[in-house]
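Data block for coords.pdb (PDB, C-alpha atoms, pLDDT in the B column):
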```pdb
MODEL        1
ATOM      1  CA  MET A 159       0.000   0.000   0.000  1.00 65.00           C
ATOM      2  CA  ALA A 160       1.347   3.441  -0.906  1.00 78.00           C
ATOM      3  CA  GLU A 161       2.724   5.418   2.021  1.00 86.00           C
ATOM      4  CA  ARG A 162       0.807   8.479   3.152  1.00 90.00           C
ATOM      5  CA  PHE A 163       2.278  11.704   4.490  1.00 90.00           C
ATOM      6  CA  VAL A 164      -0.249  13.888   6.320  1.00 91.00           C
ATOM      7  CA  ASP A 165       0.676  17.101   8.155  1.00 89.00           C
ATOM      8  CA  VAL A 166       4.370  16.345   7.656  1.00 91.00           C
ATOM      9  CA  ASP A 167       6.992  19.050   7.187  1.00 93.00           C
ATOM     10  CA  LEU A 168       9.240  18.035   4.282  1.00 90.00           C
ATOM     11  CA  SER A 169      10.528  21.539   3.597  1.00 92.00           C
ATOM     12  CA  GLY A 170      14.111  21.458   2.379  1.00 90.00           C
ATOM     13  CA  ALA A 171      13.956  17.703   1.701  1.00 91.00           C
ATOM     14  CA  ARG A 172      15.964  16.345  -1.229  1.00 89.00           C
ATOM     15  CA  PHE A 173      14.703  13.412  -3.288  1.00 90.00           C
ATOM     16  CA  VAL A 174      17.271  11.715  -5.532  1.00 88.00           C
ATOM     17  CA  ARG A 175      16.399   8.806  -7.860  1.00 84.00           C
ATOM     18  CA  VAL A 176      12.995   8.502  -6.159  1.00 90.00           C
ATOM     19  CA  ASP A 177       9.947   7.085  -7.948  1.00 89.00           C
ATOM     20  CA  LEU A 178       7.001   9.466  -7.482  1.00 89.00           C
ATOM     21  CA  THR A 179       4.931   8.037 -10.337  1.00 87.00           C
ATOM     22  CA  GLY A 180       1.262   8.582  -9.606  1.00 87.00           C
ATOM     23  CA  ALA A 181       1.986  10.464  -6.399  1.00 89.00           C
ATOM     24  CA  ALA A 182      -0.807  12.824  -5.317  1.00 90.00           C
ATOM     25  CA  LEU A 183       0.109  16.042  -3.501  1.00 89.00           C
ATOM     26  CA  ARG A 184      -2.853  17.822  -1.969  1.00 91.00           C
ATOM     27  CA  SER A 185      -2.938  21.201  -0.195  1.00 91.00           C
ATOM     28  CA  VAL A 186       0.845  21.432  -0.388  1.00 91.00           C
ATOM     29  CA  LEU A 187       3.190  24.398  -0.076  1.00 91.00           C
ATOM     30  CA  VAL A 188       5.660  24.281  -2.971  1.00 89.00           C
ATOM     31  CA  ASP A 189       7.219  27.753  -2.804  1.00 91.00           C
ATOM     32  CA  GLY A 190      10.759  27.442  -4.186  1.00 90.00           C
ATOM     33  CA  ALA A 191      10.389  23.729  -4.906  1.00 89.00           C
ATOM     34  CA  GLU A 192      12.481  22.457  -7.811  1.00 89.00           C
ATOM     35  CA  ILE A 193      11.874  19.318  -9.871  1.00 88.00           C
ATOM     36  CA  GLU A 194      14.330  17.701 -12.275  1.00 86.00           C
ATOM     37  CA  ALA A 195      12.444  15.120 -14.333  1.00 86.00           C
ATOM     38  CA  PRO A 196      14.262  14.263 -17.582  1.00 82.00           C
ATOM     39  CA  TRP A 197      11.616  11.649 -18.433  1.00 82.00           C
ATOM     40  CA  LEU A 198       8.757  14.109 -18.050  1.00 84.00           C
ATOM     41  CA  LEU A 199       7.252  13.292 -21.455  1.00 78.00           C
ATOM     42  CA  ALA A 200       8.323   9.654 -21.638  1.00 78.00           C
ATOM     43  CA  GLY A 201       5.536   7.324 -22.665  1.00 74.00           C
ATOM     44  CA  GLY A 202       3.029  10.151 -22.890  1.00 77.00           C
ATOM     45  CA  ALA A 203       3.127  10.759 -19.152  1.00 76.00           C
ATOM     46  CA  GLY A 204       2.470  14.194 -17.719  1.00 86.00           C
ATOM     47  CA  LEU A 205       2.750  16.384 -14.662  1.00 91.00           C
ATOM     48  CA  VAL A 206      -0.520  17.922 -13.523  1.00 92.00           C
ATOM     49  CA  VAL A 207      -0.377  21.096 -11.424  1.00 92.00           C
ATOM     50  CA  ASN A 208      -3.674  22.639 -10.291  1.00 94.00           C
ATOM     51  CA  GLY A 209      -5.500  20.670 -12.963  1.00 93.00           C
ATOM     52  CA  VAL A 210      -3.141  21.661 -15.794  1.00 95.00           C
ATOM     53  CA  ASP A 211      -0.770  19.235 -17.503  1.00 93.00           C
ATOM     54  CA  VAL A 212       2.375  21.368 -17.492  1.00 93.00           C
ATOM     55  CA  ALA A 213       4.679  18.810 -19.154  1.00 92.00           C
ATOM     56  CA  PRO A 214       4.083  20.101 -22.732  1.00 92.00           C
ATOM     57  CA  LEU A 215       4.515  23.683 -21.512  1.00 94.00           C
ATOM     58  CA  VAL A 216       7.853  22.840 -19.909  1.00 93.00           C
ATOM     59  CA  ASP A 217       9.022  21.049 -23.046  1.00 92.00           C
ATOM     60  CA  ALA A 218       8.074  23.988 -25.268  1.00 95.00           C
ATOM     61  CA  GLU A 219       9.849  26.441 -22.964  1.00 95.00           C
ATOM     62  CA  LEU A 220      13.027  24.349 -23.027  1.00 95.00           C
ATOM     63  CA  ASP A 221      12.888  24.287 -26.831  1.00 95.00           C
ATOM     64  CA  ALA A 222      12.638  28.078 -26.808  1.00 96.00           C
ATOM     65  CA  ARG A 223      15.564  28.454 -24.408  1.00 95.00           C
ATOM     66  CA  MET A 224      17.811  25.959 -26.200  1.00 96.00           C
ATOM     67  CA  PRO A 225      17.854  26.592 -29.957  1.00 95.00           C
ATOM     68  CA  GLY A 226      18.113  23.328 -31.853  1.00 97.00           C
ATOM     69  CA  ARG A 227      16.632  21.171 -29.083  1.00 97.00           C
ATOM     70  CA  SER A 228      13.333  20.687 -30.945  1.00 96.00           C
ATOM     71  CA  LEU A 229      15.255  18.999 -33.778  1.00 97.00           C
ATOM     72  CA  ARG A 230      15.811  15.968 -31.547  1.00 95.00           C
ATOM     73  CA  ARG A 231      12.415  14.717 -32.743  1.00 93.00           C
ATOM     74  CA  ALA A 232      13.754  14.237 -36.298  1.00 97.00           C
ATOM     75  CA  SER A 233      12.716  10.984 -37.951  1.00 97.00           C
ATOM     76  CA  ASP A 234      14.770  10.900 -41.163  1.00 98.00           C
ATOM     77  CA  PRO A 235      18.523  10.854 -41.865  1.00 98.00           C
ATOM     78  CA  GLU A 236      18.734  14.463 -43.048  1.00 98.00           C
ATOM     79  CA  GLY A 237      16.804  15.692 -40.026  1.00 98.00           C
ATOM     80  CA  LEU A 238      19.037  13.717 -37.659  1.00 98.00           C
ATOM     81  CA  ARG A 239      22.147  15.158 -39.276  1.00 98.00           C
ATOM     82  CA  ALA A 240      20.745  18.665 -38.807  1.00 98.00           C
ATOM     83  CA  ALA A 241      19.839  17.836 -35.205  1.00 98.00           C
ATOM     84  CA  TRP A 242      23.362  16.660 -34.446  1.00 98.00           C
ATOM     85  CA  ALA A 243      24.946  19.685 -36.136  1.00 98.00           C
ATOM     86  CA  ALA A 244      22.790  22.016 -34.018  1.00 98.00           C
ATOM     87  CA  LEU A 245      23.706  20.085 -30.904  1.00 98.00           C
ATOM     88  CA  GLU A 246      27.426  20.253 -31.602  1.00 98.00           C
ATOM     89  CA  SER A 247      27.167  24.006 -32.197  1.00 98.00           C
ATOM     90  CA  SER A 248      25.334  24.424 -28.907  1.00 98.00           C
ATOM     91  CA  TRP A 249      27.961  22.427 -27.007  1.00 98.00           C
ATOM     92  CA  ALA A 250      30.722  24.445 -28.662  1.00 98.00           C
ATOM     93  CA  ARG A 251      29.219  27.601 -27.167  1.00 98.00           C
ATOM     94  CA  VAL A 252      29.122  25.982 -23.735  1.00 98.00           C
ATOM     95  CA  LEU A 253      32.770  24.926 -24.036  1.00 98.00           C
ATOM     96  CA  ASP A 254      33.723  28.454 -25.055  1.00 98.00           C
ATOM     97  CA  ARG A 255      31.970  29.744 -21.940  1.00 97.00           C
ATOM     98  CA  VAL A 256      33.750  27.259 -19.679  1.00 97.00           C
ATOM     99  CA  ALA A 257      37.094  28.295 -21.150  1.00 97.00           C
ATOM    100  CA  THR A 258      36.531  31.823 -19.788  1.00 95.00           C
ATOM    101  CA  MET A 259      35.775  30.646 -16.246  1.00 95.00           C
ATOM    102  CA  PRO A 260      38.315  30.265 -13.409  1.00 94.00           C
ATOM    103  CA  PRO A 261      40.714  27.306 -13.528  1.00 94.00           C
ATOM    104  CA  GLY A 262      39.290  24.233 -11.854  1.00 95.00           C
ATOM    105  CA  THR A 263      35.661  25.111 -12.614  1.00 96.00           C
ATOM    106  CA  VAL A 264      35.262  21.961 -14.711  1.00 98.00           C
ATOM    107  CA  ASP A 265      35.927  19.766 -11.659  1.00 97.00           C
ATOM    108  CA  VAL A 266      33.587  21.528  -9.218  1.00 97.00           C
ATOM    109  CA  SER A 267      30.476  19.642  -8.137  1.00 96.00           C
ATOM    110  CA  VAL A 268      27.274  21.543  -7.372  1.00 94.00           C
ATOM    111  CA  ASP A 269      24.988  19.931  -4.765  1.00 90.00           C
ATOM    112  CA  ASP A 270      26.693  16.545  -5.224  1.00 89.00           C
ATOM    113  CA  GLU A 271      25.877  16.496  -8.930  1.00 92.00           C
ATOM    114  CA  TRP A 272      28.464  15.579 -11.558  1.00 96.00           C
ATOM    115  CA  SER A 273      31.058  18.202 -12.348  1.00 97.00           C
ATOM    116  CA  PHE A 274      31.236  19.602 -15.866  1.00 98.00           C
ATOM    117  CA  ALA A 275      34.089  17.218 -16.740  1.00 98.00           C
ATOM    118  CA  GLN A 276      32.148  14.254 -15.357  1.00 98.00           C
ATOM    119  CA  THR A 277      29.125  15.252 -17.410  1.00 98.00           C
ATOM    120  CA  LEU A 278      31.204  15.170 -20.591  1.00 98.00           C
ATOM    121  CA  ARG A 279      32.582  11.789 -19.543  1.00 98.00           C
ATOM    122  CA  HIS A 280      29.064  10.455 -19.042  1.00 97.00           C
ATOM    123  CA  LEU A 281      28.115  11.563 -22.545  1.00 98.00           C
ATOM    124  CA  VAL A 282      31.082   9.546 -23.815  1.00 98.00           C
ATOM    125  CA  MET A 283      29.620   6.549 -22.008  1.00 97.00           C
ATOM    126  CA  ALA A 284      26.110   7.255 -23.309  1.00 97.00           C
ATOM    127  CA  THR A 285      27.390   7.390 -26.891  1.00 98.00           C
ATOM    128  CA  ASP A 286      29.239   4.116 -26.381  1.00 98.00           C
ATOM    129  CA  THR A 287      26.071   2.493 -25.029  1.00 97.00           C
ATOM    130  CA  TRP A 288      23.559   3.615 -27.635  1.00 98.00           C
ATOM    131  CA  LEU A 289      25.782   3.845 -30.709  1.00 98.00           C
ATOM    132  CA  GLY A 290      28.752   1.604 -29.982  1.00 98.00           C
ATOM    133  CA  ARG A 291      26.882  -1.239 -28.314  1.00 97.00           C
ATOM    134  CA  ALA A 292      23.281  -0.949 -29.536  1.00 97.00           C
ATOM    135  CA  VAL A 293      23.703   0.235 -33.138  1.00 98.00           C
ATOM    136  CA  LEU A 294      27.212  -0.885 -34.064  1.00 97.00           C
ATOM    137  CA  GLY A 295      27.078  -4.067 -31.987  1.00 95.00           C
ATOM    138  CA  LEU A 296      30.556  -3.718 -30.480  1.00 95.00           C
ATOM    139  CA  ASP A 297      31.362  -6.327 -27.806  1.00 92.00           C
ATOM    140  CA  GLN A 298      33.292  -3.823 -25.687  1.00 94.00           C
ATOM    141  CA  PRO A 299      32.289  -0.342 -26.784  1.00 96.00           C
ATOM    142  CA  TYR A 300      33.350   1.628 -23.718  1.00 97.00           C
ATOM    143  CA  HIS A 301      36.074   4.249 -23.602  1.00 98.00           C
ATOM    144  CA  PRO A 302      37.980   3.944 -20.298  1.00 97.00           C
ATOM    145  CA  LEU A 303      37.296   7.595 -19.454  1.00 98.00           C
ATOM    146  CA  GLY A 304      33.527   7.180 -19.707  1.00 97.00           C
ATOM    147  CA  GLN A 305      31.474   7.987 -16.600  1.00 95.00           C
ATOM    148  CA  PRO A 306      28.809   5.344 -15.859  1.00 94.00           C
ATOM    149  CA  HIS A 307      25.528   6.277 -14.244  1.00 90.00           C
ATOM    150  CA  ALA A 308      25.007   5.746 -10.517  1.00 84.00           C
ATOM    151  CA  GLU A 309      23.215   2.393 -10.843  1.00 88.00           C
ATOM    152  CA  TYR A 310      25.706   0.846 -13.287  1.00 90.00           C
ATOM    153  CA  GLU A 311      27.767  -0.941 -10.650  1.00 85.00           C
ATOM    154  CA  THR A 312      24.872  -1.898  -8.364  1.00 87.00           C
ATOM    155  CA  ASP A 313      23.083  -3.396 -11.375  1.00 87.00           C
ATOM    156  CA  GLY A 314      26.012  -5.779 -11.764  1.00 88.00           C
ATOM    157  CA  TYR A 315      27.789  -4.330 -14.784  1.00 89.00           C
ATOM    158  CA  ASP A 316      31.549  -4.577 -15.203  1.00 89.00           C
ATOM    159  CA  MET A 317      33.274  -1.488 -13.811  1.00 92.00           C
ATOM    160  CA  SER A 318      36.755  -2.717 -14.722  1.00 93.00           C
ATOM    161  CA  VAL A 319      36.432  -1.269 -18.224  1.00 93.00           C
ATOM    162  CA  PHE A 320      36.494   2.253 -16.761  1.00 95.00           C
ATOM    163  CA  ALA A 321      39.562   4.073 -15.473  1.00 95.00           C
ATOM    164  CA  THR A 322      39.712   4.705 -11.717  1.00 93.00           C
ATOM    165  CA  ARG A 323      41.989   7.742 -11.958  1.00 94.00           C
ATOM    166  CA  GLN A 324      40.692  11.239 -12.547  1.00 94.00           C
ATOM    167  CA  PRO A 325      41.683  12.272 -16.068  1.00 97.00           C
ATOM    168  CA  THR A 326      42.810  15.731 -17.020  1.00 98.00           C
ATOM    169  CA  TYR A 327      40.280  18.021 -18.656  1.00 98.00           C
ATOM    170  CA  GLU A 328      42.316  17.861 -21.864  1.00 98.00           C
ATOM    171  CA  GLU A 329      41.962  14.077 -21.888  1.00 98.00           C
ATOM    172  CA  VAL A 330      38.226  14.391 -21.315  1.00 98.00           C
ATOM    173  CA  LEU A 331      37.884  16.828 -24.213  1.00 98.00           C
ATOM    174  CA  GLU A 332      39.822  14.484 -26.479  1.00 98.00           C
ATOM    175  CA  ALA A 333      37.626  11.497 -25.604  1.00 98.00           C
ATOM    176  CA  ARG A 334      34.483  13.577 -25.987  1.00 98.00           C
ATOM    177  CA  ALA A 335      35.537  14.961 -29.375  1.00 98.00           C
ATOM    178  CA  GLY A 336      36.258  11.446 -30.594  1.00 98.00           C
ATOM    179  CA  ARG A 337      32.797  10.225 -29.660  1.00 98.00           C
ATOM    180  CA  GLN A 338      31.124  13.278 -31.196  1.00 98.00           C
ATOM    181  CA  ARG A 339      33.006  12.544 -34.403  1.00 98.00           C
ATOM    182  CA  MET A 340      31.863   8.907 -34.252  1.00 98.00           C
ATOM    183  CA  VAL A 341      28.208  10.002 -34.171  1.00 98.00           C
ATOM    184  CA  ARG A 342      28.756  12.550 -36.931  1.00 98.00           C
ATOM    185  CA  GLU A 343      30.407   9.994 -39.209  1.00 98.00           C
ATOM    186  CA  HIS A 344      27.703   7.410 -38.563  1.00 98.00           C
ATOM    187  CA  LEU A 345      24.957   9.903 -39.381  1.00 98.00           C
ATOM    188  CA  ALA A 346      26.733  10.901 -42.595  1.00 98.00           C
ATOM    189  CA  THR A 347      26.031   7.511 -44.186  1.00 97.00           C
ATOM    190  CA  LEU A 348      22.685   6.794 -42.508  1.00 97.00           C
ATOM    191  CA  THR A 349      19.744   5.667 -44.673  1.00 97.00           C
ATOM    192  CA  ASP A 350      16.011   5.315 -44.078  1.00 97.00           C
ATOM    193  CA  ASP A 351      16.398   1.530 -44.047  1.00 97.00           C
ATOM    194  CA  ASP A 352      19.015   1.817 -41.319  1.00 97.00           C
ATOM    195  CA  LEU A 353      16.637   3.782 -39.107  1.00 98.00           C
ATOM    196  CA  ALA A 354      14.011   1.037 -39.111  1.00 97.00           C
ATOM    197  CA  ARG A 355      16.485  -1.758 -38.323  1.00 97.00           C
ATOM    198  CA  PRO A 356      15.870  -3.400 -34.902  1.00 97.00           C
ATOM    199  CA  ARG A 357      18.672  -3.357 -32.349  1.00 97.00           C
ATOM    200  CA  ALA A 358      19.021  -5.082 -28.998  1.00 96.00           C
ATOM    201  CA  ASN A 359      18.262  -2.750 -26.110  1.00 95.00           C
ATOM    202  CA  PRO A 360      21.636  -2.397 -24.325  1.00 94.00           C
ATOM    203  CA  TRP A 361      19.955  -2.506 -20.912  1.00 93.00           C
ATOM    204  CA  ALA A 362      17.444  -5.232 -21.757  1.00 92.00           C
ATOM    205  CA  PRO A 363      18.853  -7.361 -24.628  1.00 90.00           C
ATOM    206  CA  GLN A 364      15.672  -9.427 -24.830  1.00 92.00           C
ATOM    207  CA  ARG A 365      13.917  -6.316 -26.101  1.00 95.00           C
ATOM    208  CA  THR A 366      14.558  -4.397 -29.303  1.00 96.00           C
ATOM    209  CA  ARG A 367      14.807  -0.736 -30.184  1.00 96.00           C
ATOM    210  CA  THR A 368      15.037   0.681 -33.685  1.00 98.00           C
ATOM    211  CA  THR A 369      18.166   2.510 -34.789  1.00 98.00           C
ATOM    212  CA  LEU A 370      16.073   5.691 -34.830  1.00 98.00           C
ATOM    213  CA  SER A 371      15.089   5.161 -31.203  1.00 97.00           C
ATOM    214  CA  CYS A 372      18.737   4.625 -30.206  1.00 98.00           C
ATOM    215  CA  LEU A 373      19.862   7.790 -31.983  1.00 98.00           C
ATOM    216  CA  ARG A 374      17.047   9.800 -30.441  1.00 97.00           C
ATOM    217  CA  THR A 375      18.133   8.541 -27.027  1.00 97.00           C
ATOM    218  CA  ILE A 376      21.593   9.941 -27.690  1.00 98.00           C
ATOM    219  CA  LEU A 377      20.067  13.299 -28.636  1.00 98.00           C
ATOM    220  CA  ASP A 378      17.912  13.311 -25.500  1.00 96.00           C
ATOM    221  CA  GLU A 379      20.916  12.470 -23.306  1.00 96.00           C
ATOM    222  CA  GLU A 380      22.938  15.255 -24.903  1.00 98.00           C
ATOM    223  CA  TRP A 381      20.305  17.969 -24.440  1.00 97.00           C
ATOM    224  CA  GLU A 382      19.377  16.954 -20.889  1.00 96.00           C
ATOM    225  CA  HIS A 383      22.971  16.876 -19.716  1.00 97.00           C
ATOM    226  CA  GLN A 384      23.726  20.155 -21.411  1.00 98.00           C
ATOM    227  CA  ARG A 385      20.819  21.631 -19.482  1.00 97.00           C
ATOM    228  CA  TYR A 386      22.249  20.280 -16.222  1.00 96.00           C
ATOM    229  CA  ALA A 387      25.711  21.569 -17.075  1.00 97.00           C
ATOM    230  CA  VAL A 388      24.515  25.084 -17.930  1.00 97.00           C
ATOM    231  CA  ARG A 389      22.355  25.156 -14.786  1.00 96.00           C
ATOM    232  CA  ASP A 390      25.396  24.392 -12.626  1.00 97.00           C
ATOM    233  CA  LEU A 391      27.665  26.805 -14.502  1.00 97.00           C
ATOM    234  CA  ASP A 392      25.100  29.537 -13.844  1.00 96.00           C
ATOM    235  CA  LEU A 393      25.160  28.700 -10.126  1.00 94.00           C
ATOM    236  CA  LEU A 394      28.952  28.665  -9.968  1.00 95.00           C
ATOM    237  CA  GLU A 395      29.147  32.003 -11.741  1.00 93.00           C
ATOM    238  CA  ALA A 396      26.519  33.501  -9.411  1.00 91.00           C
ATOM    239  CA  ARG A 397      28.429  32.252  -6.365  1.00 87.00           C
ATOM    240  CA  SER A 398      31.661  33.796  -7.630  1.00 82.00           C
ATOM    241  CA  VAL A 399      29.949  37.139  -8.094  1.00 82.00           C
ATOM    242  CA  ALA A 400      28.305  36.930  -4.649  1.00 84.00           C
ATOM    243  CA  GLU A 401      31.652  36.155  -3.032  1.00 79.00           C
ATOM    244  CA  GLY A 402      33.311  39.027  -4.851  1.00 75.00           C
ATOM    245  CA  GLN A 403      35.511  36.746  -6.923  1.00 63.00           C
ATOM    246  CA  PRO A 404      35.585  38.080 -10.479  1.00 57.00           C
ATOM    247  CA  THR A 405      35.288  35.552 -13.279  1.00 53.00           C
ATOM    248  CA  ASN A 406      37.732  35.588 -16.176  1.00 53.00           C
ATOM    249  CA  MET A 407      34.980  37.224 -18.261  1.00 41.00           C
ATOM    250  CA  GLN A 408      34.803  40.117 -15.778  1.00 38.00           C
ATOM    251  CA  LYS A 409      38.590  40.442 -15.709  1.00 35.00           C
ATOM    252  CA  GLY A 410      38.627  41.059 -19.447  1.00 32.00           C
TER     253      GLY A 410
ENDMDL
END
```

Represent the supplied structure as structure tokens.
Amino acid sequence: MAERFVDVDLSGARFVRVDLTGAALRSVLVDGAEIEAPWLLAGGAGLVVNGVDVAPLVDAELDARMPGRSLRRASDPEGLRAAWAALESSWARVLDRVATMPPGTVDVSVDDEWSFAQTLRHLVMATDTWLGRAVLGLDQPYHPLGQPHAEYETDGYDMSVFATRQPTYEEVLEARAGRQRMVREHLATLTDDDLARPRANPWAPQRTRTTLSCLRTILDEEWEHQRYAVRDLDLLEARSVAEGQPTNMQKG
């Protein structure tokens, strides 16, 4: 039976990797509450606030804030190539911004989230999973500098393929650029027939996903993690200003 919370003060609580599917919140105070739900539109689900499904509104606002994000819904080779080009351009702007920030920024964690460098490493791992393993069928697709998700080890997957040392930012950028190039080159020769081809789901091999679904997953991963990264960069920059520590941009 679902647990009930009545007249309980949960102000300031932090919920991480918690399943709130179907949860009902009634007569609640949510001033300043923040929700990160990357699967908000998955499977046609929604988030209803005061009788209004706000999920489509959130998605549309994110598309407006992040030019090129809407292209992730592409369903043909040309559209996917355009989507990836827009994504790479967007990431290039983020990297340019990071280059102007104080040394060490890329390794700073905000609220126990991944640092910027770790986020790039995770995208290396995501590319290896959905392109290297699922689409290309590589037996061992993983780059040693990839950053697995939190449940990877507890789910019983082999961690020995990943390096235990902390790489330099230059090494991270090199690995990331290589995986971006791998996607770009694969998309360059993609055909409509390729998109419909079934692939084994890397997390549930007994199930299949189409090549299109795998590539869209990569696009979703890229945009969501860019959103996280920019969110944390904004916070780090705001903290520097509040503490009276000028950023490199201000020094110029």

| note | CA of Leu296 (chain A) sits from CA of Gln338 (chain A) at a separation of 17.0 Å

| task | Pick out the closest residue to Asp189 (chain A) from this set: A:Arg342, A:Ser267, A:Glu379, A:Gly170. Count all atoms listed in the file. | result |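 Under the stated criterion, the closest residue is A:Gly170.
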
| field | Nearest-residue call for Val341 (chain A), choices A:His383, A:Arg251, A:Arg389, A:Arg239, using only C-alpha atoms | value |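 Selected residue with least distance to Val341 (chain A): A:Arg239.
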
| said: I want to know what sits within 12 Å of Val216 (chain A), based on only C-alpha atoms, with residues of the same chain fewer than 2 positions away left out; could you give that as a list of chain:residue names? | reply: A:Ile193, A:Glu194, A:Ala195, A:Pro196, A:Trp197, A:Leu198, A:Leu199, A:Gly204, A:Leu205, A:Val206, A:Val207, A:Val210, A:Asp211, A:Val212, A:Ala213, A:Pro214, A:Ala218, A:Glu219, A:Leu220, A:Asp221, A:Ala222, A:Arg223

| query | Written as a ChimeraX atom specification, what is the full residue list that the PyMOL selection byres ((chain A and resi 292) around 12) yields on the file shown? | reply | /A:284-291,293-300,355-363,365-373,375-376

| request: Quick one: apply the PyMOL selection byres ((chain A and resi 244-246) around 12) to the file and drop the selected residues here as a PyMOL selection string. | output: chain A and resi 224-230+237-243+247-253+334-335+337-339+341-342+376-385

| request: To one decimal in Å, tell me the separation between CA of Asp234 (chain A) and CA of Leu348 (chain A). | output: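 According to the coordinates, CA of Asp234 (chain A) and CA of Leu348 (chain A) are separated by 9.0 Å.
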
Explicit residues for the PyMOL selection byres ((chain A and resi 187) around 12) (as a compact mmCIF listing (two decimals) with C-alpha atoms, in the frame of the given file):
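Heads up, here's the output in result-v4.txt:
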```txt
# COMPACT_ATOMS: atom_id res chain seq x y z
CA ASP A 165 0.68 17.10 8.15
CA VAL A 166 4.37 16.34 7.66
CA ASP A 167 6.99 19.05 7.19
CA LEU A 168 9.24 18.04 4.28
CA SER A 169 10.53 21.54 3.60
CA GLY A 170 14.11 21.46 2.38
CA LEU A 183 0.11 16.04 -3.50
CA ARG A 184 -2.85 17.82 -1.97
CA SER A 185 -2.94 21.20 -0.20
CA VAL A 186 0.84 21.43 -0.39
CA VAL A 188 5.66 24.28 -2.97
CA ASP A 189 7.22 27.75 -2.80
CA GLY A 190 10.76 27.44 -4.19
CA ALA A 191 10.39 23.73 -4.91
```

| said: Please compute the CA of Phe320 (chain A)-CA of Asp270 (chain A) distance, one decimal, in Å. | reply: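 Computing the Euclidean distance for CA of Phe320 (chain A) and CA of Asp270 (chain A) yields 20.8 Å.
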
Would you place a box with edges along x, y and z of the file around all atoms of region 305-316 of chain A listed there, add 8 Å to each of its six sides, and report the centre and edge lengths in Å to one decimal, as AutoDock Vina command-line options?
```
--center_x 27.3 --center_y 1.1 --center_z -12.5 --size_x 24.5 --size_y 29.8 --size_z 24.2
```

| said: Let me make sure I understand: among A:Asp390, A:Asp350, A:Glu343, A:Glu332, which one has the smallest atom-to-atom distance to Val282 (chain A) if we use all atoms listed in the file? | reply: A:Glu332

| query | For Gly336 (chain A), which residue among A:Arg231, A:Arg162, A:Arg255, A:Arg279 is the nearest when counting only C-alpha atoms? | reply | A:Arg279

| Within 12 Å of Glu161 (chain A) using only C-alpha atoms, minus same-chain residues under 3 positions, as a VMD selection string | chain A and resid 164 178 181 to 182

| field | Among listed residues A:Pro302, A:Pro325, A:Pro260, A:Pro235, nearest Ala354 (chain A) (using all atoms listed in the file) | value |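 Checking each candidate against Ala354 (chain A), we get A:Pro235 as the closest.
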